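Data file: my_file.cif. Format and content: mmCIF, C-alpha atoms.
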data_coords
loop_
_atom_site.label_atom_id
_atom_site.label_comp_id
_atom_site.auth_asym_id
_atom_site.auth_seq_id
_atom_site.Cartn_x
_atom_site.Cartn_y
_atom_site.Cartn_z
CA MET A 939 92.65 159.41 141.42
CA PHE A 940 91.71 155.76 141.75
CA TYR A 941 91.05 153.44 144.69
CA TYR A 942 92.27 149.85 144.83
CA VAL A 943 91.06 146.80 146.71
CA SER A 944 94.14 145.02 148.02
CA PHE A 945 95.39 142.73 150.76
CA LEU A 946 97.00 144.12 153.90
CA ARG A 947 97.28 140.47 154.91
CA PRO A 948 97.32 138.25 151.80
CA PRO A 949 96.07 134.65 151.72
CA PRO A 950 98.61 131.82 152.13
CA ALA A 951 100.47 130.22 149.23
CA GLN A 952 99.21 126.80 150.39
CA ALA A 953 96.15 125.74 152.37
CA SER A 954 94.62 122.58 153.77
CA LEU A 955 91.62 120.85 152.23
CA ALA A 956 89.92 120.84 155.62
CA HIS A 957 86.98 123.24 155.72
CA THR A 958 87.45 123.60 159.48
CA GLU A 959 90.69 125.51 158.95
CA HIS A 960 90.30 129.20 158.24
CA ILE A 961 91.78 131.18 155.36
CA LEU A 962 92.47 134.53 156.93
CA ILE A 963 92.97 137.77 155.02
CA THR A 964 92.83 141.49 155.78
CA PRO A 965 91.36 143.45 152.85
CA GLN A 966 91.77 147.18 152.43
CA ILE A 967 90.75 149.88 149.97
CA THR A 968 93.31 152.64 149.44
CA ASN A 969 94.90 154.94 146.88
CA ASP A 970 97.76 153.78 144.65
CA LEU A 971 100.45 154.56 147.23
CA ARG A 972 98.42 152.79 149.95
CA THR A 973 98.57 155.96 152.05
CA GLU A 974 94.90 157.05 151.96
CA TYR A 975 91.89 154.91 152.83
CA LEU A 976 88.58 155.07 150.99
CA GLU A 977 86.27 156.93 153.40
CA ASP A 978 83.04 155.51 151.95
CA VAL A 979 81.36 152.34 153.23
CA VAL A 980 81.21 149.70 150.47
CA ASP A 981 80.51 145.98 150.35
CA ILE A 982 83.36 143.66 149.37
CA TYR A 983 82.51 140.44 147.52
CA TYR A 984 84.68 137.38 147.03
CA SER A 985 84.95 134.81 144.26
CA TRP A 986 87.22 131.85 143.60
CA ALA A 987 88.90 131.32 140.21
CA LEU A 988 90.17 127.81 139.45
CA VAL A 989 93.61 127.85 137.84
CA PRO A 990 93.44 125.61 134.74
CA ASP A 991 95.55 122.45 134.88
CA PRO A 992 96.46 121.26 131.37
CA GLY A 993 97.60 117.92 132.77
CA ARG A 994 94.14 117.25 134.20
CA GLN A 995 92.38 118.96 131.27
CA THR A 996 90.62 121.40 133.57
CA THR A 997 89.38 124.78 132.39
CA SER A 998 89.02 128.07 134.22
CA VAL A 999 86.04 128.38 136.56
CA ILE A 1000 85.01 131.54 138.44
CA THR A 1001 82.46 131.19 141.24
CA LYS A 1002 79.59 133.61 141.70
CA PRO A 1003 80.55 136.62 143.86
CA ALA A 1004 79.31 136.45 147.45
CA LYS A 1005 79.44 139.14 150.11
CA LEU A 1006 82.46 138.89 152.37
CA THR A 1007 82.30 142.05 154.47
CA SER A 1008 81.55 145.77 154.44
CA TRP A 1009 84.59 148.00 154.16
CA ARG A 1010 84.91 150.73 156.77
CA THR A 1011 88.03 152.61 157.75
CA THR A 1012 87.45 151.48 161.34
CA HIS A 1013 87.90 147.86 160.10
CA ALA A 1014 91.11 148.57 158.18
CA TYR A 1015 93.12 146.02 160.19
CA LYS A 1016 90.41 143.44 160.79
CA GLU A 1017 91.18 139.81 159.89
CA ILE A 1018 88.41 138.07 157.96
CA SER A 1019 87.88 134.36 157.31
CA VAL A 1020 87.13 133.45 153.69
CA PRO A 1021 85.11 130.27 152.95
CA ARG A 1022 86.96 127.76 150.79
CA PRO A 1023 85.80 126.85 147.28
CA GLN A 1024 83.24 124.07 147.12
CA SER A 1025 84.19 120.58 145.85
CA LEU A 1026 87.89 121.04 146.44
CA ARG A 1027 90.27 118.43 145.08
CA ASP A 1028 93.77 117.70 146.27
CA GLY A 1029 96.34 119.52 144.15
CA GLN A 1030 94.00 122.18 142.78
CA SER A 1031 95.09 125.83 142.77
CA TRP A 1032 92.59 128.66 143.16
CA GLN A 1033 92.89 132.43 143.14
CA LEU A 1034 90.85 134.64 145.45
CA ILE A 1035 89.10 137.61 143.80
CA LEU A 1036 87.85 140.59 145.82
CA SER A 1037 85.57 143.17 144.18
CA VAL A 1038 82.96 145.76 145.12
CA GLY A 1039 80.24 144.37 142.83
CA THR A 1040 78.30 141.20 142.17
CA THR A 1041 79.07 140.59 138.49
CA ARG A 1042 82.06 139.46 136.45
CA LYS A 1043 82.20 142.98 135.00
CA ASP A 1044 82.99 144.30 138.48
CA GLN A 1045 86.05 142.04 138.64
CA VAL A 1046 87.86 143.68 135.70
CA ILE A 1047 89.14 147.22 135.14
CA PRO A 1048 87.40 148.65 132.03
CA LEU A 1049 90.08 150.57 130.15
CA CYS A 1050 87.49 151.31 127.46
CA SER A 1051 85.04 153.03 129.83
CA ASP A 1052 84.57 156.78 130.24
CA ASP A 1053 83.73 156.05 133.90
CA ILE A 1054 86.88 154.10 134.70
CA GLY A 1055 87.77 154.28 138.37
CA ARG A 1056 84.44 155.50 139.70
CA SER A 1057 84.45 152.34 141.84
CA PRO A 1058 87.47 150.73 143.53
CA PHE A 1059 89.44 148.33 141.34
CA ALA A 1060 89.15 144.61 142.03
CA VAL A 1061 92.13 142.45 143.00
CA MET A 1062 93.07 138.79 142.56
CA SER A 1063 95.49 136.84 144.72
CA MET A 1064 98.27 134.68 143.39
CA PRO A 1065 97.37 130.94 143.17
CA ILE A 1066 96.70 129.11 146.42
CA LEU A 1067 97.54 125.39 146.35
CA PHE A 1068 95.00 123.27 148.24
CA THR A 1069 96.51 120.03 149.43
CA GLY A 1070 96.13 117.39 152.12
CA ARG A 1071 99.66 118.11 153.26
CA PRO A 1072 100.20 121.85 153.09
CA GLN A 1073 103.68 123.13 153.82
CA LYS A 1074 104.29 126.29 155.73
CA ALA A 1075 105.15 128.71 152.97
CA ALA A 1076 106.14 132.34 152.83
CA LYS A 1077 103.29 134.79 152.47
CA GLN A 1078 102.20 135.80 149.00
CA GLU A 1079 104.12 138.81 147.72
CA GLY A 1080 102.12 139.61 144.61
CA VAL A 1081 98.61 140.34 143.38
CA MET A 1082 96.99 140.47 139.95
CA ARG A 1083 94.42 142.74 138.35
CA SER A 1084 92.42 142.06 135.20
CA TYR A 1085 91.89 144.73 132.53
CA LEU A 1086 89.19 144.87 129.87
CA LEU A 1087 89.94 146.29 126.44
CA ARG A 1088 87.10 146.59 123.94
CA ALA A 1089 87.50 147.57 120.28
CA PRO A 1090 85.25 150.13 118.51
CA THR A 1091 81.64 149.10 117.88
CA GLN A 1092 82.33 148.58 114.17
CA ASP A 1093 85.10 146.11 115.03
CA ALA A 1094 83.71 142.58 115.34
CA SER A 1095 86.64 141.28 117.40
CA PRO A 1096 85.72 140.08 120.93
CA PRO A 1097 86.72 142.01 124.06
CA VAL A 1098 90.19 141.34 125.42
CA ILE A 1099 90.93 140.66 129.10
CA PHE A 1100 94.55 140.67 130.21
CA ASP A 1101 96.17 140.30 133.62
CA ILE A 1102 98.93 142.39 135.16
CA CYS A 1103 100.90 141.19 138.19
CA GLU A 1104 102.24 143.67 140.69
CA GLN A 1105 104.20 143.15 143.90
CA THR A 1106 102.95 144.00 147.36
CA SER A 1107 106.36 145.19 148.55
CA PHE A 1108 107.19 148.86 148.93
CA ASP A 1109 109.23 148.90 145.71
CA LEU A 1110 107.59 151.69 143.71
CA ASP A 1111 108.78 150.32 140.38
CA LYS A 1112 106.80 147.10 140.82
CA LYS A 1113 103.30 148.56 141.29
CA VAL A 1114 100.56 149.88 139.07
CA TRP A 1115 100.18 153.62 139.57
CA ASP A 1116 97.21 155.83 138.71
CA SER A 1117 98.88 157.43 135.70
CA GLY A 1118 99.69 154.05 134.14
CA ILE A 1119 96.04 153.01 134.24
CA GLY A 1120 94.79 156.47 133.29
CA LEU A 1121 97.14 156.74 130.31
CA SER A 1122 96.28 153.19 129.19
CA SER A 1123 92.57 154.05 129.29
CA TRP A 1124 93.17 157.26 127.34
CA LEU A 1125 95.13 155.30 124.71
CA VAL A 1126 92.19 152.93 124.24
CA GLN A 1127 89.87 155.92 123.78
CA LEU A 1128 92.31 157.46 121.28
CA TYR A 1129 92.55 154.18 119.37
CA ASN A 1130 88.75 154.08 119.21
CA GLY A 1131 88.71 157.57 117.67
CA GLY A 1132 87.71 159.57 120.72
CA GLN A 1133 88.34 163.36 120.67
CA VAL A 1134 90.67 163.16 117.67
CA ASP A 1135 89.06 166.24 116.13
CA ALA A 1136 89.56 168.27 119.31
CA SER A 1137 93.08 169.41 118.34
CA SER A 1138 95.78 168.89 115.77
CA ALA A 1139 98.02 167.50 118.53
CA LEU A 1140 95.54 164.67 119.18
CA SER A 1141 95.18 163.89 115.50
CA HIS A 1142 98.95 163.77 115.09
CA MET A 1143 99.36 161.56 118.16
CA GLN A 1144 96.74 159.08 116.95
CA GLN A 1145 98.51 158.86 113.61
CA ALA A 1146 101.87 158.43 115.28
CA LEU A 1147 100.64 155.67 117.59
CA PHE A 1148 98.04 153.83 115.57
CA SER A 1149 98.94 154.22 111.92
CA SER A 1150 99.29 150.87 110.13
CA ASP A 1151 102.79 151.98 109.11
CA CYS A 1152 105.79 150.71 111.01
CA ARG A 1153 106.36 152.63 114.25
CA ASN A 1154 109.20 153.06 116.78
CA ILE A 1155 107.97 153.65 120.34
CA ILE A 1156 109.94 153.97 123.58
CA GLU A 1157 108.58 154.38 127.13
CA LEU A 1158 110.37 155.93 130.12
CA GLY A 1159 109.65 155.24 133.78
CA THR A 1160 111.36 155.73 137.10
CA LEU A 1161 114.79 156.22 135.58
CA SER A 1162 113.81 153.69 132.95
CA ALA A 1163 112.42 153.38 129.42
CA PHE A 1164 110.02 151.53 127.09
CA THR A 1165 110.26 151.13 123.36
CA TRP A 1166 108.08 149.90 120.57
CA ASN A 1167 108.77 149.73 116.85
CA THR A 1168 106.34 149.30 113.94
CA ASP A 1169 107.52 151.50 111.03
CA HIS A 1170 108.16 155.04 112.13
CA VAL A 1171 106.86 155.52 115.68
CA ALA A 1172 108.73 155.42 118.96
CA PHE A 1173 107.81 156.01 122.57
CA LEU A 1174 109.85 156.56 125.70
CA ALA A 1175 108.46 156.14 129.18
CA GLY A 1176 108.76 154.25 132.46
CA ALA A 1177 107.45 150.76 132.18
CA GLY A 1178 106.94 149.59 135.78
CA THR A 1179 104.60 146.60 135.53
CA GLY A 1180 104.29 147.07 131.76
CA ILE A 1181 100.60 148.00 131.61
CA VAL A 1182 101.10 150.90 129.14
CA ALA A 1183 103.41 148.87 126.90
CA ILE A 1184 101.13 145.85 126.93
CA THR A 1185 98.05 147.97 126.20
CA LEU A 1186 99.86 149.55 123.26
CA GLY A 1187 101.05 146.16 122.06
CA ILE A 1188 97.54 144.72 122.12
CA LEU A 1189 96.12 147.73 120.28
CA ARG A 1190 98.90 147.70 117.70
CA SER A 1191 98.39 143.96 117.19
CA LYS A 1192 94.84 144.72 116.05
CA LEU A 1193 96.11 146.83 113.15
CA ASP A 1194 96.91 145.59 109.67
CA THR A 1195 100.58 146.57 109.53
CA HIS A 1196 101.18 144.99 106.11
CA GLY A 1197 103.85 142.72 107.56
CA GLN A 1198 105.84 145.61 109.04
CA LEU A 1199 105.99 144.30 112.57
CA GLY A 1200 108.18 146.92 114.16
CA ARG A 1201 109.45 146.68 117.71
CA ILE A 1202 108.50 147.69 121.22
CA VAL A 1203 111.21 148.19 123.82
CA THR A 1204 110.00 148.80 127.36
CA THR A 1205 112.49 149.96 129.96
CA ASP A 1206 112.77 150.44 133.69
CA LEU A 1207 115.21 149.91 136.52
CA PRO A 1208 117.07 146.57 136.30
CA SER A 1209 115.30 145.40 139.47
CA ALA A 1210 111.91 145.78 137.74
CA LEU A 1211 112.75 143.86 134.57
CA PRO A 1212 111.85 140.33 135.83
CA LEU A 1213 108.31 141.43 136.72
CA LEU A 1214 108.05 143.32 133.45
CA GLN A 1215 109.11 140.25 131.49
CA ARG A 1216 106.66 138.08 133.43
CA ASN A 1217 103.73 140.32 132.53
CA ILE A 1218 104.74 140.46 128.88
CA SER A 1219 105.18 136.68 128.68
CA SER A 1220 101.87 135.93 130.39
CA ASN A 1221 100.03 138.08 127.82
CA ASN A 1222 102.06 137.00 124.80
CA SER A 1223 99.07 135.36 123.09
CA LEU A 1224 97.45 138.80 122.83
CA LEU A 1225 100.58 140.42 121.41
CA SER A 1226 100.36 138.68 118.06
CA THR A 1227 102.08 141.39 116.02
CA VAL A 1228 104.44 143.20 118.37
CA SER A 1229 105.65 142.04 121.78
CA PRO A 1230 107.41 144.56 124.05
CA GLU A 1231 111.04 143.86 124.85
CA PRO A 1232 112.31 144.80 128.34
CA ALA A 1233 115.50 146.84 128.61
CA ALA A 1234 117.28 148.80 131.33
CA LEU A 1235 117.78 152.56 130.99
CA ASP A 1236 119.45 154.80 133.55
CA TRP A 1237 118.63 158.48 133.13
CA GLU A 1238 121.83 159.42 134.98
CA VAL A 1239 124.06 157.85 132.32
CA GLU A 1240 125.02 160.44 129.72
CA ARG A 1241 125.09 158.03 126.77
CA LEU A 1242 122.11 156.01 125.56
CA PRO A 1243 122.76 152.25 125.79
CA ASP A 1244 123.77 150.51 122.57
CA ALA A 1245 121.11 147.89 123.31
CA ILE A 1246 118.46 150.57 122.84
CA MET A 1247 119.99 152.61 120.01
CA SER A 1248 120.56 149.50 117.90
CA LYS A 1249 116.83 148.79 117.82
CA PHE A 1250 115.91 152.07 116.10
CA ASP A 1251 117.62 152.36 112.76
CA THR A 1252 115.18 155.05 111.61
CA GLY A 1253 114.89 156.95 114.89
CA LEU A 1254 111.92 157.40 117.20
CA ASP A 1255 108.34 158.44 116.57
CA VAL A 1256 106.88 158.68 120.06
CA ILE A 1257 108.24 158.84 123.61
CA VAL A 1258 105.72 157.72 126.26
CA MET A 1259 105.91 158.40 130.00
CA ALA A 1260 103.56 157.68 132.91
CA ASP A 1261 104.03 158.89 136.50
CA VAL A 1262 107.65 159.94 136.04
CA THR A 1263 107.27 163.26 137.90
CA TYR A 1264 106.91 162.22 141.55
CA ASN A 1265 110.62 162.83 142.27
CA THR A 1266 111.50 166.41 141.35
CA ALA A 1267 115.19 165.74 142.07
CA SER A 1268 115.25 163.48 138.97
CA PHE A 1269 113.95 166.20 136.61
CA PRO A 1270 117.39 167.26 135.28
CA ALA A 1271 118.20 163.63 134.45
CA LEU A 1272 114.76 163.14 132.86
CA ILE A 1273 115.09 166.25 130.68
CA SER A 1274 118.61 165.22 129.67
CA THR A 1275 117.35 161.77 128.68
CA LEU A 1276 114.53 163.25 126.61
CA SER A 1277 117.01 165.56 124.89
CA ARG A 1278 119.34 162.64 124.13
CA LEU A 1279 116.48 160.64 122.63
CA VAL A 1280 115.33 163.57 120.49
CA GLY A 1281 118.89 164.15 119.32
CA PHE A 1282 119.37 160.46 118.57
CA SER A 1283 116.19 160.40 116.48
CA ARG A 1284 117.26 163.48 114.52
CA SER A 1285 120.60 161.85 113.78
CA LYS A 1286 118.87 158.83 112.25
CA TRP A 1287 116.40 160.70 110.08
CA ALA A 1288 116.85 164.27 108.88
CA ASP A 1289 115.28 166.54 111.49
CA ARG A 1290 112.99 163.77 112.73
CA ARG A 1291 111.49 164.90 116.02
CA PRO A 1292 109.55 162.34 118.07
CA SER A 1293 106.30 163.28 119.77
CA ILE A 1294 106.15 162.88 123.56
CA LEU A 1295 103.15 161.53 125.48
CA LEU A 1296 102.90 161.96 129.26
CA GLY A 1297 100.38 160.64 131.79
CA TYR A 1298 100.62 162.81 134.92
CA LYS A 1299 98.90 163.07 138.31
CA GLU A 1300 99.86 165.94 140.59
CA ARG A 1301 101.21 164.84 143.96
CA ASP A 1302 103.05 168.10 144.68
CA VAL A 1303 102.69 171.47 142.95
CA ALA A 1304 106.48 171.63 142.62
CA GLU A 1305 106.25 168.88 139.99
CA ARG A 1306 104.87 171.42 137.51
CA THR A 1307 108.29 173.02 137.21
CA LEU A 1308 108.93 170.22 134.71
CA TRP A 1309 107.07 172.11 131.98
CA ASN A 1310 109.39 175.12 132.20
CA MET A 1311 112.48 172.91 132.36
CA ALA A 1312 111.29 171.08 129.25
CA LYS A 1313 110.62 174.35 127.43
CA ASP A 1314 114.13 175.56 128.22
CA ALA A 1315 115.37 172.32 126.60
CA GLY A 1316 113.29 172.95 123.47
CA ILE A 1317 110.28 170.75 124.34
CA ASP A 1318 106.85 172.38 124.50
CA PHE A 1319 104.03 170.52 126.31
CA GLU A 1320 100.28 170.93 125.72
CA GLN A 1321 97.53 169.33 127.83
CA VAL A 1322 95.13 167.36 125.63
CA GLY A 1323 92.95 165.38 128.04
CA VAL A 1324 92.09 164.18 131.54
CA VAL A 1325 90.89 160.97 133.17
CA ASN A 1326 88.79 161.77 136.25
CA GLY A 1327 88.55 158.49 138.18
CA ALA A 1328 86.99 158.67 141.66
CA GLY A 1329 87.61 162.38 142.19
CA GLY A 1330 90.58 164.17 143.67
CA ALA A 1331 93.64 164.69 141.47
CA GLN A 1332 92.92 163.91 137.82
CA ILE A 1333 95.22 162.00 135.52
CA GLU A 1334 96.29 164.63 133.02
CA ILE A 1335 97.38 163.75 129.48
CA TRP A 1336 100.08 165.94 127.95
CA VAL A 1337 101.61 165.94 124.49
CA GLY A 1338 105.10 167.37 123.99
CA ASN A 1339 106.83 168.45 120.80
CA ALA A 1340 110.51 169.13 120.32
CA MET A 1341 110.97 172.58 118.81
#
As C-alpha cells, what does this structure read like?
Amino acid sequence: MFYYVSFLRPPPAQASLAHTEHILITPQITNDLRTEYLEDVVDIYYSWALVPDPGRQTTSVITKPAKLTSWRTTHAYKEISVPRPQSLRDGQSWQLILSVGTTRKDQVIPLCSDDIGRSPFAVMSMPILFTGRPQKAAKQEGVMRSYLLRAPTQDASPPVIFDICEQTSFDLDKKVWDSGIGLSSWLVQLYNGGQVDASSALSHMQQALFSSDCRNIIELGTLSAFTWNTDHVAFLAGAGTGIVAITLGILRSKLDTHGQLGRIVTTDLPSALPLLQRNISSNNSLLSTVSPEPAALDWEVERLPDAIMSKFDTGLDVIVMADVTYNTASFPALISTLSRLVGFSRSKWADRRPSILLGYKERDVAERTLWNMAKDAGIDFEQVGVVNGAGGAQIEIWVGNAM
C-alpha cells in the first residue's frame, strides 16, 4: 500500500498580497481511500511553484523546501498557516507543494524506482491567484501529483516528469488509487527490461506492450475502459485519472514505431471523462506518438459501443485493468465485458486472443473469487509480480490469457 500527503483543508483559490493575512491549510497523510492515517511521525516540508505566465514571459520557479510541521495523528485536524512566497507580484499564481523530504526528488513520485512508495507521496495544490483584490472563491476541489519516469541507462533521453490531477471529492472514479500507481511503476520496470526472463508470460507481455509494431490497447476501470492502438496490441482497463494510459502513452512514444502510430482509447464512467481528458491534454507534449482517447464504456451494456469497436479493425492485443475488483457485485458484468472484448478480437483476426494485464490490491478476501469466475469464462490468470510500497497489502500484477 501507499501513503499520500493531501489536504483535509485545501488552500484558497485566491489570496491577498498582504503578508499579514494567513494562508490556512490542514495537511494529512493517509491511504488512498483516506480512511487510514499514517501512524509514523514525519516532517512535512512546503515549497512554492510559480505558474509560468507566457504573457509576462515568466518561467517556472520552485522554492527550496522548508519545514512546515511534523505530522502526527493527534494533529490530523490542526490548521496550519503557510508563509507566502517571497517577492510576490500582483496577478501571479503559485502552487503549494507539500512533501516529506528536502529535495526536488522528494516532490515527485518515482515510477522507475524499486522503492516506490516507501515514503508518503507529495502533493501540489491547484494554482492560487495572489492579487490586491482577492474575491471570495469556492475552495479548491483538486490536487496534482508529479510522476518521474526514467528510461533505461543506455537510453540518453532525459527523465520525464508529468502531472496528474485528481479531485478531492468522494467520487472514486476521479482519484489515483494504489493499483494505478503500482501498475504504472511495474510497466516502467517492464519497459526497462526488468524480470522479462522470469517467465514466458512476462516476455510475451513485454512484446505485446512495447514492440515497435502497431498495437491495440484498451483499459477498463470502474465500469469503464481504456484503449490504445499501435499495430497489434490492445488493452482494456479502468482509466480513472488516466495515469496508466498516460504512462503507457509516454513509454510507447519513446519507441520507433516506423510510422505506425496506432491508437489508445481510455475509458471510464461518463462523469470521469472531463478529468481524464484534462490530464491527457495537459501532458500532450509528452505523448508525441500516441495520445490516449477518452471513451465511455458501461460493463452492464451487453453490446460493445460502436465508438470503441470502430477503432480496432484488427482486434485487440492487450486488455489492461487497475483496481477494478473493489466491488464484487460488479464481477459478473466485468467478466462479461472481458468475454465480449475477447470475442470481438477473435472476430477481427482469426483466433486472435488478447492478453490481459491486471493491477490488484486486496481490500477484501472475497475479491479473489474473480479468478475462479474468470477461469469459468475461459480466462486463466497468473501472478507475475508485486509492488510492495510502504508495507501492508501489496499491489499484485496478474497476467490473464483467454483459453
Reference answer for the PyMOL selection byres ((chain A and resi 1129) around 10), as a compact mmCIF listing (two decimals) with C-alpha atoms, in the coordinates of the input:
# COMPACT_ATOMS: atom_id res chain seq x y z
CA CYS A 1050 87.49 151.31 127.46
CA ALA A 1089 87.50 147.57 120.28
CA PRO A 1090 85.25 150.13 118.51
CA SER A 1123 92.57 154.05 129.29
CA TRP A 1124 93.17 157.26 127.34
CA LEU A 1125 95.13 155.30 124.71
CA VAL A 1126 92.19 152.93 124.24
CA GLN A 1127 89.87 155.92 123.78
CA LEU A 1128 92.31 157.46 121.28
CA ASN A 1130 88.75 154.08 119.21
CA GLY A 1131 88.71 157.57 117.67
CA GLY A 1132 87.71 159.57 120.72
CA VAL A 1134 90.67 163.16 117.67
CA GLN A 1144 96.74 159.08 116.95
CA GLN A 1145 98.51 158.86 113.61
CA LEU A 1147 100.64 155.67 117.59
CA PHE A 1148 98.04 153.83 115.57
CA SER A 1149 98.94 154.22 111.92
CA LEU A 1186 99.86 149.55 123.26
CA LEU A 1189 96.12 147.73 120.28
CA ARG A 1190 98.90 147.70 117.70
Between atom CA of Ser1008 of chain A and atom CA of Asp978 of chain A - distance in Å to one decimal: 10.2 Å
Picked residues, the PyMOL selection byres ((chain A and resi 1243-1254) around 8), expected as a PyMOL selection string: chain A and resi 1153-1156+1167+1170-1173+1201+1203+1233+1235+1241-1242+1255-1257+1279-1280+1282-1287+1290-1292
Can you tell me, as a list in words, what residues are no more than 6 Å from Gly1316 of chain A when counting all atoms listed in the file, ignoring any on the same chain fewer than 3 positions away? Lys1313, Ala1340 and Met1341 of chain A
Could you tell me, as a list of chain:residue names, exactly which residues end up selected when the PyMOL selection byres ((chain A and resi 1027-1038) around 7) is applied to this structure? A:Val980, A:Asp981, A:Ile982, A:Tyr983, A:Tyr984, A:Ser985, A:Trp986, A:Ala987, A:Leu988, A:Val989, A:Ser1025, A:Leu1026, A:Gly1039, A:Asp1044, A:Gln1045, A:Pro1058, A:Ala1060, A:Val1061, A:Met1062, A:Ser1063, A:Met1064, A:Pro1065, A:Ile1066, A:Leu1067, A:Phe1068, A:Thr1069, A:Gly1070
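Using all atoms listed in the file, the smallest distance between any of A:Ala951, A:Leu1214, A:Ile963, A:Val1239 and Arg1278 of chain A comes from A:Val1239.
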Segment 1096-1099 of chain A: which residues within 6 Å, counting all atoms listed in the file, same-chain residues fewer than 2 positions away excluded, as a list in words? Tyr1085, Leu1086, Leu1087 and Arg1088 of chain A
Could you state the separation of atom CA of Gly1297 of chain A and atom CA of Gly1080 of chain A in Å, given to one decimal place? 24.7 Å
Would you please work out which residue, of A:Gln1073, A:Ser944, A:Ser1107, A:Gln1215, is nearest to Trp1009 of chain A when using all atoms listed in the file? A:Ser944
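Residues surrounding segment 1017-1024 of chain A within 8 Å are Arg947, His957, His960, Ile961, Leu962, Ile963, Thr964, Pro965, Trp986 and Leu1006 of chain A [only C-alpha atoms; sequence separation below 6 positions excluded].
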Contacts of Leu1296 of chain A at 6 Å or less, counting only C-alpha atoms, minus same-chain residues fewer than 6 places along, as a PyMOL selection string? chain A and resi 1258-1260+1335-1336
Resulting file, chosen residues, C-alpha atoms, as a PDB file, keeping the file's coordinate frame:
ATOM      1  CA  VAL A1258     105.720 157.720 126.260  1.00  0.00           C
ATOM      2  CA  MET A1259     105.910 158.400 130.000  1.00  0.00           C
ATOM      3  CA  ALA A1260     103.560 157.680 132.910  1.00  0.00           C
ATOM      4  CA  ILE A1335      97.380 163.750 129.480  1.00  0.00           C
ATOM      5  CA  TRP A1336     100.080 165.940 127.950  1.00  0.00           C
TER       6      TRP A1336
END
Between A:Pro1048, A:Pro1072, A:Gly1178, A:Gly1323, which one has atoms that come closest to Ser954 of chain A, using only C-alpha atoms? A:Pro1072
For segment 1012-1026 of chain A, where the input has fewer atoms than it should, I would like N, CA and C atoms rebuilt and written as a tab-separated table (two decimals), in the frame of the given file.
chain	number	residue	atom	x	y	z
A	1012	THR	N	87.26	151.98	159.98
A	1012	THR	CA	87.45	151.48	161.34
A	1012	THR	C	87.79	149.99	161.36
A	1013	HIS	N	87.59	149.29	160.20
A	1013	HIS	CA	87.90	147.86	160.10
A	1013	HIS	C	89.16	147.61	159.26
A	1014	ALA	N	89.99	148.66	159.12
A	1014	ALA	CA	91.11	148.57	158.18
A	1014	ALA	C	92.10	147.46	158.52
A	1015	TYR	N	92.15	147.05	159.79
A	1015	TYR	CA	93.12	146.02	160.19
A	1015	TYR	C	92.44	144.73	160.64
A	1016	LYS	N	91.17	144.59	160.33
A	1016	LYS	CA	90.41	143.44	160.79
A	1016	LYS	C	90.68	142.21	159.94
A	1017	GLU	N	91.02	141.08	160.60
A	1017	GLU	CA	91.18	139.81	159.89
A	1017	GLU	C	89.81	139.22	159.59
A	1018	ILE	N	89.68	138.64	158.40
A	1018	ILE	CA	88.41	138.07	157.96
A	1018	ILE	C	88.66	136.67	157.43
A	1019	SER	N	87.79	135.74	157.79
A	1019	SER	CA	87.88	134.36	157.31
A	1019	SER	C	87.11	134.22	156.01
A	1020	VAL	N	87.75	133.64	155.00
A	1020	VAL	CA	87.13	133.45	153.69
A	1020	VAL	C	86.75	131.98	153.52
A	1021	PRO	N	85.49	131.67	153.21
A	1021	PRO	CA	85.11	130.27	152.95
A	1021	PRO	C	85.87	129.69	151.77
A	1022	ARG	N	86.25	128.42	151.88
A	1022	ARG	CA	86.96	127.76	150.79
A	1022	ARG	C	86.03	127.50	149.60
A	1023	PRO	N	86.63	127.25	148.42
A	1023	PRO	CA	85.80	126.85	147.28
A	1023	PRO	C	85.10	125.53	147.57
A	1024	GLN	N	83.95	125.33	146.97
A	1024	GLN	CA	83.24	124.07	147.12
A	1024	GLN	C	83.89	122.99	146.25
A	1025	SER	N	83.72	121.74	146.64
A	1025	SER	CA	84.19	120.58	145.85
A	1025	SER	C	85.68	120.67	145.56
A	1026	LEU	N	86.44	120.97	146.59
A	1026	LEU	CA	87.89	121.04	146.44
A	1026	LEU	C	88.47	119.66	146.14
